[in-house]
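See structure below.
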Amino acid sequence: DSGGRRAAGSPAASARFVRCLYAVGFLDLFGVSMVVPLMNVHIKSLGASHTVAGIVGSLYGVMQLFSSTFVGCWSDIVGRRYSLLACILLSALGYFLLGTSTTVFLFAISRVPVGIFKHTLSISKALLSDLVLERDRPLVMGRFNAASSVGFILGPVVGGYLAEFEGGFYQTSFICASIFLLNGCLVWVLPWSEEKTGNREHYQDKGTNSFSAKSNHDLHLKSATSRAVTNSNFFQSPWIQVATVLKKIKGIACSNLWDIFLVRFLMSVAILLYYSNFTLALEERFGVKPLFAGYLLSYSSALGVLAGCLLGPITRLYGHNTYRLLLHSSTFTCMLILLYASALSIWMVILSSTFLAFSTTIGRTCIIDLELTVGGNEASGTLLGVGQSVTSVGRIIAPLLSGIAQEFSPCGPPSLAVGLALVAIVIMNANKQKYCSHGSVKLKNQ
């Protein structure tokens, strides 16, 4: 190989590679979630005002917005191995600088490398899409999200415990940087050299009497061969790399994927609106304490992990029709948010939160799979980067919409979320023919 686009030449090597990527996702979110909940407290302790803390906090989101597409596209050009290692090591540098931040200025500086290069999860997902067959992609992506979510659940507990000690924030930041270095070592020792074109038998064995299986293998083989050529691009002039990145982004911008990204944007904003005033709304509507809301959110996160593990049976139940599964999960999400907005008791909120954890997890995985199916795997890093940028726009807009909606009612944000989700469902129905045609091609290739 050498650059890291199809990392294993046998089923066993592929399985080992995928399991290692699950570990990368777990460690990534485990380290980050140790530190993130403590940042506001730390920057306030450095003497920052609420306004300055807000500006510094938004710095990360703004940089993610502009860097997601470029870094994702860059991974298509130089290869997953080098781009993933660069992102991990530069993120480690950012968290190391965070551990030395004794002033607000140093705190802000430490967020720059993280804001630009913290795209390890997106590149890992692009690598997973390179490794597995299309029919297995939702299952593998779901398990990757589940492994990452476990890290997100455990991280705040460990970070909160360490914060009780003197200098706890600095220790937590250094531990987070060390976890990223460990991730870098894990990526470095992955069996990249096992990429061989001799995996023809593997694909032919999966479909001995099927012409489509052989065609699918030839497609993978051609893709891997063309991608391997790009590995040397890592050592080319940065200007050549930038020009190639811009050319790829232009190709995505001129494609017919606008409706898929619009659906992703609308559903992202809808879900963000649901959570935007969740704790405050529960207190105002039902008189429950913030502690109960915290337990309910943790409960939903745990169910999200379970949903990721169940994606395999669910996609098989739908005959690997990602579009239909996305449409149904989005419709279910819309209905559950409406149930929450009109809830008359806390038990209705618990019921909606229980099933919403499943529908949102399935929806997030399906929209990524649909992006890659319609857009093609040749620029999977670029597609995932654009999708991440779209979500970042949603994170910027959602708080503003939530603030305006709350002026009218505590149920304003989820009510607005229902309207946005309905628009997304209408768009999906209006483009049903396009999605179904790609789904037919996908099934034929399996």
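By convention in this document, the chains of the structure tokens carry letters A, B, ... by their order, each chain's residues are numbered from 1, and ligands are numbered from 1 in the order they are shown.
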
**Study point:** Residue neighbourhood Phe30 in chain A, 6 Å, only C-alpha atoms, exclusion window fewer than 3 positions, as a list of chain:residue names
**Key:**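 The contact residues come out as A:Phe26, A:Leu27, A:Ser33, A:Gly151, A:Phe152, A:Gly155.
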
Practice item. Return the single residue from A:Met63, A:Cys73, A:Ala163, A:Val157 that is closest to Ile116 in chain A, with distances computed using only C-alpha atoms. Key: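 Looking at the shortest contact to Ile116 in chain A, the residue is A:Met63.
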
Review point. Neighbours of range 412-414 of chain A within 6 Å (only C-alpha atoms; same-chain residues fewer than 4 positions away dropped), as a ChimeraX atom specification?
Key: /A:273-274,341,402,405-406

Practice item. Find the spatial neighbours of Gly160 in chain A, counting only C-alpha atoms, within a cut-off of 10 Å - ignore same-chain residues fewer than 6 positions away - and output them as a ChimeraX atom specification. Key: /A:34-35,37-38,168-169,172

**Study point:** For Arg16 in chain A, the nearest of the candidates A:Leu383, A:Ala424, A:Leu325, A:Leu131, counting only C-alpha atoms
**Key:** A:Leu131

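Comparing A:Val62, A:Leu162, A:Leu89, A:Cys176 by their smallest distance to Gly115 in chain A, the closest is A:Val62 (using only C-alpha atoms).
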
Review point. Please, what distance in Å, to one decimal, runs between CA of Ile109 in chain A and CA of Ala48 in chain A?
Key: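 Computing the Euclidean distance for CA of Ile109 in chain A and CA of Ala48 in chain A yields 14.5 Å.
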
**Study point:** Nearest to Ser342 in chain A by atom-to-atom distance, counting only C-alpha atoms, from A:Ser415, A:Asn145, A:Ser45, A:Gln171
**Key:**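 The closest residue to Ser342 in chain A is A:Ser415.
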
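In this comparison, which uses only C-alpha atoms, the residue of A:Tyr170, A:Phe107, A:Tyr161, A:Tyr299 approaching Tyr60 in chain A most closely is A:Phe107.
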
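Omitting Arg264 in chain A and its sequence neighbours fewer than 5 positions away, and counting only C-alpha atoms, the residues within 10 Å are Trp258, Asp259, Val269, Ala270, Gly363, Arg364, Ile367, Ile368, Glu371, Gly387, Gln388, Val390, Thr391, Gly394, Ala421 and Ala424 of chain A.
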
Output all heavy atoms for every residue in the selection just made, as a JSON list (two decimals), in the first residue's frame.
```json
[["chain", "number", "residue", "atom", "x", "y", "z"],
["A", 258, "TRP", "N", -26.91, 18.08, -3.67],
["A", 258, "TRP", "CA", -27.36, 19.18, -2.84],
["A", 258, "TRP", "C", -28.53, 18.78, -1.94],
["A", 258, "TRP", "O", -28.62, 19.22, -0.79],
["A", 258, "TRP", "CB", -27.77, 20.37, -3.72],
["A", 258, "TRP", "CG", -28.98, 20.09, -4.57],
["A", 258, "TRP", "CD1", -28.99, 19.58, -5.84],
["A", 258, "TRP", "CD2", -30.36, 20.24, -4.19],
["A", 258, "TRP", "NE1", -30.27, 19.43, -6.29],
["A", 258, "TRP", "CE2", -31.14, 19.83, -5.30],
["A", 258, "TRP", "CE3", -31.00, 20.70, -3.04],
["A", 258, "TRP", "CZ2", -32.54, 19.86, -5.27],
["A", 258, "TRP", "CZ3", -32.39, 20.72, -3.02],
["A", 258, "TRP", "CH2", -33.14, 20.31, -4.12],
["A", 259, "ASP", "N", -29.43, 17.94, -2.47],
["A", 259, "ASP", "CA", -30.61, 17.58, -1.69],
["A", 259, "ASP", "C", -30.26, 16.70, -0.50],
["A", 259, "ASP", "O", -30.85, 16.81, 0.57],
["A", 259, "ASP", "CB", -31.65, 16.89, -2.58],
["A", 259, "ASP", "CG", -31.05, 15.73, -3.37],
["A", 259, "ASP", "OD1", -29.92, 15.87, -3.84],
["A", 259, "ASP", "OD2", -31.72, 14.70, -3.50],
["A", 269, "VAL", "N", -30.14, 20.24, 12.37],
["A", 269, "VAL", "CA", -30.67, 21.39, 13.10],
["A", 269, "VAL", "C", -31.87, 20.97, 13.94],
["A", 269, "VAL", "O", -32.02, 21.41, 15.09],
["A", 269, "VAL", "CB", -31.05, 22.52, 12.12],
["A", 269, "VAL", "CG1", -31.73, 23.66, 12.88],
["A", 269, "VAL", "CG2", -29.82, 23.05, 11.40],
["A", 270, "ALA", "N", -32.72, 20.10, 13.40],
["A", 270, "ALA", "CA", -33.90, 19.64, 14.15],
["A", 270, "ALA", "C", -33.48, 18.93, 15.44],
["A", 270, "ALA", "O", -34.04, 19.20, 16.52],
["A", 270, "ALA", "CB", -34.74, 18.70, 13.28],
["A", 363, "GLY", "N", -30.60, 7.25, 11.72],
["A", 363, "GLY", "CA", -30.63, 8.30, 10.71],
["A", 363, "GLY", "C", -29.26, 8.84, 10.38],
["A", 363, "GLY", "O", -28.93, 9.07, 9.21],
["A", 364, "ARG", "N", -28.43, 9.08, 11.42],
["A", 364, "ARG", "CA", -27.07, 9.61, 11.17],
["A", 364, "ARG", "C", -26.25, 8.65, 10.32],
["A", 364, "ARG", "O", -25.52, 9.06, 9.42],
["A", 364, "ARG", "CB", -26.37, 9.87, 12.51],
["A", 364, "ARG", "CG", -26.75, 11.17, 13.17],
["A", 364, "ARG", "CD", -25.76, 11.54, 14.26],
["A", 364, "ARG", "NE", -25.73, 10.53, 15.30],
["A", 364, "ARG", "CZ", -26.47, 10.57, 16.42],
["A", 364, "ARG", "NH1", -27.31, 11.58, 16.60],
["A", 364, "ARG", "NH2", -26.38, 9.63, 17.33],
["A", 367, "ILE", "N", -27.68, 8.55, 6.55],
["A", 367, "ILE", "CA", -27.41, 9.70, 5.69],
["A", 367, "ILE", "C", -25.97, 9.67, 5.19],
["A", 367, "ILE", "O", -25.68, 10.04, 4.04],
["A", 367, "ILE", "CB", -27.71, 11.03, 6.44],
["A", 367, "ILE", "CG1", -27.75, 12.20, 5.45],
["A", 367, "ILE", "CG2", -26.70, 11.30, 7.53],
["A", 367, "ILE", "CD1", -28.90, 12.16, 4.49],
["A", 368, "ILE", "N", -25.04, 9.18, 6.03],
["A", 368, "ILE", "CA", -23.66, 9.04, 5.59],
["A", 368, "ILE", "C", -23.56, 7.97, 4.50],
["A", 368, "ILE", "O", -22.89, 8.15, 3.47],
["A", 368, "ILE", "CB", -22.74, 8.69, 6.78],
["A", 368, "ILE", "CG1", -22.64, 9.89, 7.74],
["A", 368, "ILE", "CG2", -21.35, 8.28, 6.30],
["A", 368, "ILE", "CD1", -21.87, 9.60, 9.00],
["A", 371, "GLU", "N", -24.89, 9.36, 1.27],
["A", 371, "GLU", "CA", -23.91, 10.28, 0.65],
["A", 371, "GLU", "C", -22.87, 9.50, -0.14],
["A", 371, "GLU", "O", -22.56, 9.83, -1.29],
["A", 371, "GLU", "CB", -23.21, 11.11, 1.72],
["A", 371, "GLU", "CG", -24.05, 12.19, 2.36],
["A", 371, "GLU", "CD", -23.34, 12.84, 3.53],
["A", 371, "GLU", "OE1", -22.13, 12.56, 3.74],
["A", 371, "GLU", "OE2", -23.99, 13.60, 4.25],
["A", 387, "GLY", "N", -20.08, 16.86, 4.43],
["A", 387, "GLY", "CA", -21.16, 16.56, 5.36],
["A", 387, "GLY", "C", -20.89, 17.10, 6.75],
["A", 387, "GLY", "O", -21.79, 17.62, 7.42],
["A", 388, "GLN", "N", -19.64, 16.99, 7.19],
["A", 388, "GLN", "CA", -19.28, 17.52, 8.51],
["A", 388, "GLN", "C", -19.38, 19.04, 8.54],
["A", 388, "GLN", "O", -19.80, 19.62, 9.54],
["A", 388, "GLN", "CB", -17.85, 17.08, 8.87],
["A", 388, "GLN", "CG", -17.44, 17.34, 10.30],
["A", 388, "GLN", "CD", -18.29, 16.59, 11.29],
["A", 388, "GLN", "OE1", -18.67, 15.45, 11.06],
["A", 388, "GLN", "NE2", -18.63, 17.23, 12.40],
["A", 390, "VAL", "N", -21.48, 20.78, 6.74],
["A", 390, "VAL", "CA", -22.92, 21.06, 6.78],
["A", 390, "VAL", "C", -23.44, 20.96, 8.21],
["A", 390, "VAL", "O", -24.21, 21.82, 8.67],
["A", 390, "VAL", "CB", -23.66, 20.07, 5.85],
["A", 390, "VAL", "CG1", -25.17, 20.14, 6.09],
["A", 390, "VAL", "CG2", -23.36, 20.38, 4.39],
["A", 391, "THR", "N", -23.00, 19.93, 8.93],
["A", 391, "THR", "CA", -23.41, 19.78, 10.32],
["A", 391, "THR", "C", -22.88, 20.93, 11.17],
["A", 391, "THR", "O", -23.57, 21.40, 12.10],
["A", 391, "THR", "CB", -22.90, 18.44, 10.88],
["A", 391, "THR", "OG1", -23.39, 17.37, 10.04],
["A", 391, "THR", "CG2", -23.39, 18.21, 12.30],
["A", 394, "GLY", "N", -25.05, 23.81, 10.93],
["A", 394, "GLY", "CA", -26.21, 23.58, 11.79],
["A", 394, "GLY", "C", -25.93, 23.91, 13.24],
["A", 394, "GLY", "O", -26.78, 24.48, 13.94],
["A", 421, "ALA", "N", -37.91, 19.00, 10.24],
["A", 421, "ALA", "CA", -37.89, 17.57, 9.90],
["A", 421, "ALA", "C", -38.91, 17.25, 8.83],
["A", 421, "ALA", "O", -38.66, 16.43, 7.93],
["A", 421, "ALA", "CB", -38.13, 16.74, 11.16],
["A", 424, "ALA", "N", -37.49, 18.14, 5.51],
["A", 424, "ALA", "CA", -36.52, 17.13, 5.08],
["A", 424, "ALA", "C", -37.23, 15.90, 4.52],
["A", 424, "ALA", "O", -36.81, 15.33, 3.50],
["A", 424, "ALA", "CB", -35.63, 16.73, 6.26]]
```

Check your understanding: Which residue, A:Tyr323, A:Phe261, A:Tyr275, A:Tyr22, has the smallest gap to Ala357 in chain A when you use only C-alpha atoms?
Key ->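 Closest to Ala357 in chain A, using only C-alpha atoms: A:Tyr275.
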
Point to revise | Test item: residues at most 8 Å from range 68-72 of chain A, only C-alpha atoms, excluding those fewer than 3 positions along its chain, as a PyMOL selection string | key: chain A and resi 64-65+75-76+83+116-117+119+122-123+245+249+380-389

Keeping N, CA, C and O atoms for every residue in the selection just given, could you write it to a file as a compact mmCIF listing (two decimals), in the first residue's frame?
```
# COMPACT_ATOMS: atom_id res chain seq x y z
N GLN A 64 -13.69 24.33 12.45
CA GLN A 64 -14.17 23.05 11.96
C GLN A 64 -15.01 23.21 10.70
O GLN A 64 -14.93 22.41 9.78
N LEU A 65 -15.81 24.27 10.69
CA LEU A 65 -16.67 24.54 9.55
C LEU A 65 -15.87 24.65 8.25
O LEU A 65 -16.21 24.07 7.22
N SER A 75 -7.41 14.00 2.50
CA SER A 75 -7.22 12.57 2.77
C SER A 75 -7.46 11.74 1.52
O SER A 75 -6.89 10.65 1.38
N ASP A 76 -8.31 12.23 0.60
CA ASP A 76 -8.50 11.53 -0.67
C ASP A 76 -7.25 11.60 -1.53
O ASP A 76 -6.98 10.71 -2.34
N SER A 83 -2.82 11.23 6.25
CA SER A 83 -3.74 12.28 6.73
C SER A 83 -4.24 11.97 8.13
O SER A 83 -4.35 12.86 8.98
N ILE A 116 -8.57 22.90 13.49
CA ILE A 116 -8.26 22.67 12.08
C ILE A 116 -8.13 21.18 11.76
O ILE A 116 -8.60 20.71 10.72
N PHE A 117 -7.51 20.42 12.67
CA PHE A 117 -7.13 19.04 12.33
C PHE A 117 -7.88 17.96 13.10
O PHE A 117 -7.62 16.78 12.87
N HIS A 119 -10.20 15.93 12.81
CA HIS A 119 -11.12 15.26 11.90
C HIS A 119 -10.80 13.77 11.83
O HIS A 119 -11.00 13.13 10.81
N SER A 122 -13.86 11.51 11.07
CA SER A 122 -14.32 11.56 9.68
C SER A 122 -13.40 10.75 8.76
O SER A 122 -13.86 10.01 7.89
N ILE A 123 -12.09 10.87 8.96
CA ILE A 123 -11.14 10.14 8.12
C ILE A 123 -11.25 8.64 8.41
O ILE A 123 -11.15 7.81 7.50
N VAL A 245 -7.16 19.71 -4.17
CA VAL A 245 -8.25 19.79 -3.19
C VAL A 245 -9.37 20.67 -3.72
O VAL A 245 -10.56 20.31 -3.69
N ILE A 249 -13.29 19.69 -4.53
CA ILE A 249 -14.40 20.37 -3.87
C ILE A 249 -15.35 20.96 -4.91
O ILE A 249 -16.57 20.92 -4.76
N SER A 380 -14.60 9.71 -1.01
CA SER A 380 -15.33 9.53 0.24
C SER A 380 -14.88 10.50 1.31
O SER A 380 -15.69 10.98 2.11
N GLY A 381 -13.58 10.81 1.37
CA GLY A 381 -13.10 11.78 2.36
C GLY A 381 -13.69 13.15 2.13
O GLY A 381 -14.10 13.84 3.07
N THR A 382 -13.76 13.56 0.86
CA THR A 382 -14.36 14.85 0.53
C THR A 382 -15.84 14.88 0.89
O THR A 382 -16.34 15.85 1.48
N LEU A 383 -16.56 13.81 0.56
CA LEU A 383 -17.99 13.75 0.87
C LEU A 383 -18.25 13.84 2.36
O LEU A 383 -19.12 14.58 2.82
N LEU A 384 -17.48 13.09 3.14
CA LEU A 384 -17.65 13.13 4.60
C LEU A 384 -17.25 14.48 5.16
O LEU A 384 -17.86 14.96 6.13
N GLY A 385 -16.24 15.10 4.56
CA GLY A 385 -15.83 16.43 5.01
C GLY A 385 -16.89 17.47 4.74
O GLY A 385 -17.18 18.31 5.61
N VAL A 386 -17.49 17.43 3.56
CA VAL A 386 -18.57 18.36 3.24
C VAL A 386 -19.75 18.13 4.19
O VAL A 386 -20.35 19.08 4.70
N GLY A 387 -20.08 16.86 4.43
CA GLY A 387 -21.16 16.56 5.36
C GLY A 387 -20.89 17.10 6.75
O GLY A 387 -21.79 17.62 7.42
N GLN A 388 -19.64 16.99 7.19
CA GLN A 388 -19.28 17.52 8.51
C GLN A 388 -19.38 19.04 8.54
O GLN A 388 -19.80 19.62 9.54
N SER A 389 -19.02 19.69 7.43
CA SER A 389 -19.16 21.14 7.36
C SER A 389 -20.62 21.55 7.41
O SER A 389 -20.98 22.54 8.05
```

Check your understanding: Counting only C-alpha atoms, what is within 12 Å of Phe332 in chain A, bar same-chain residues fewer than 5 positions away, as a PyMOL selection string?
Key -> chain A and resi 267+325-327+337-339+352-353+355-363+418+421-422+425
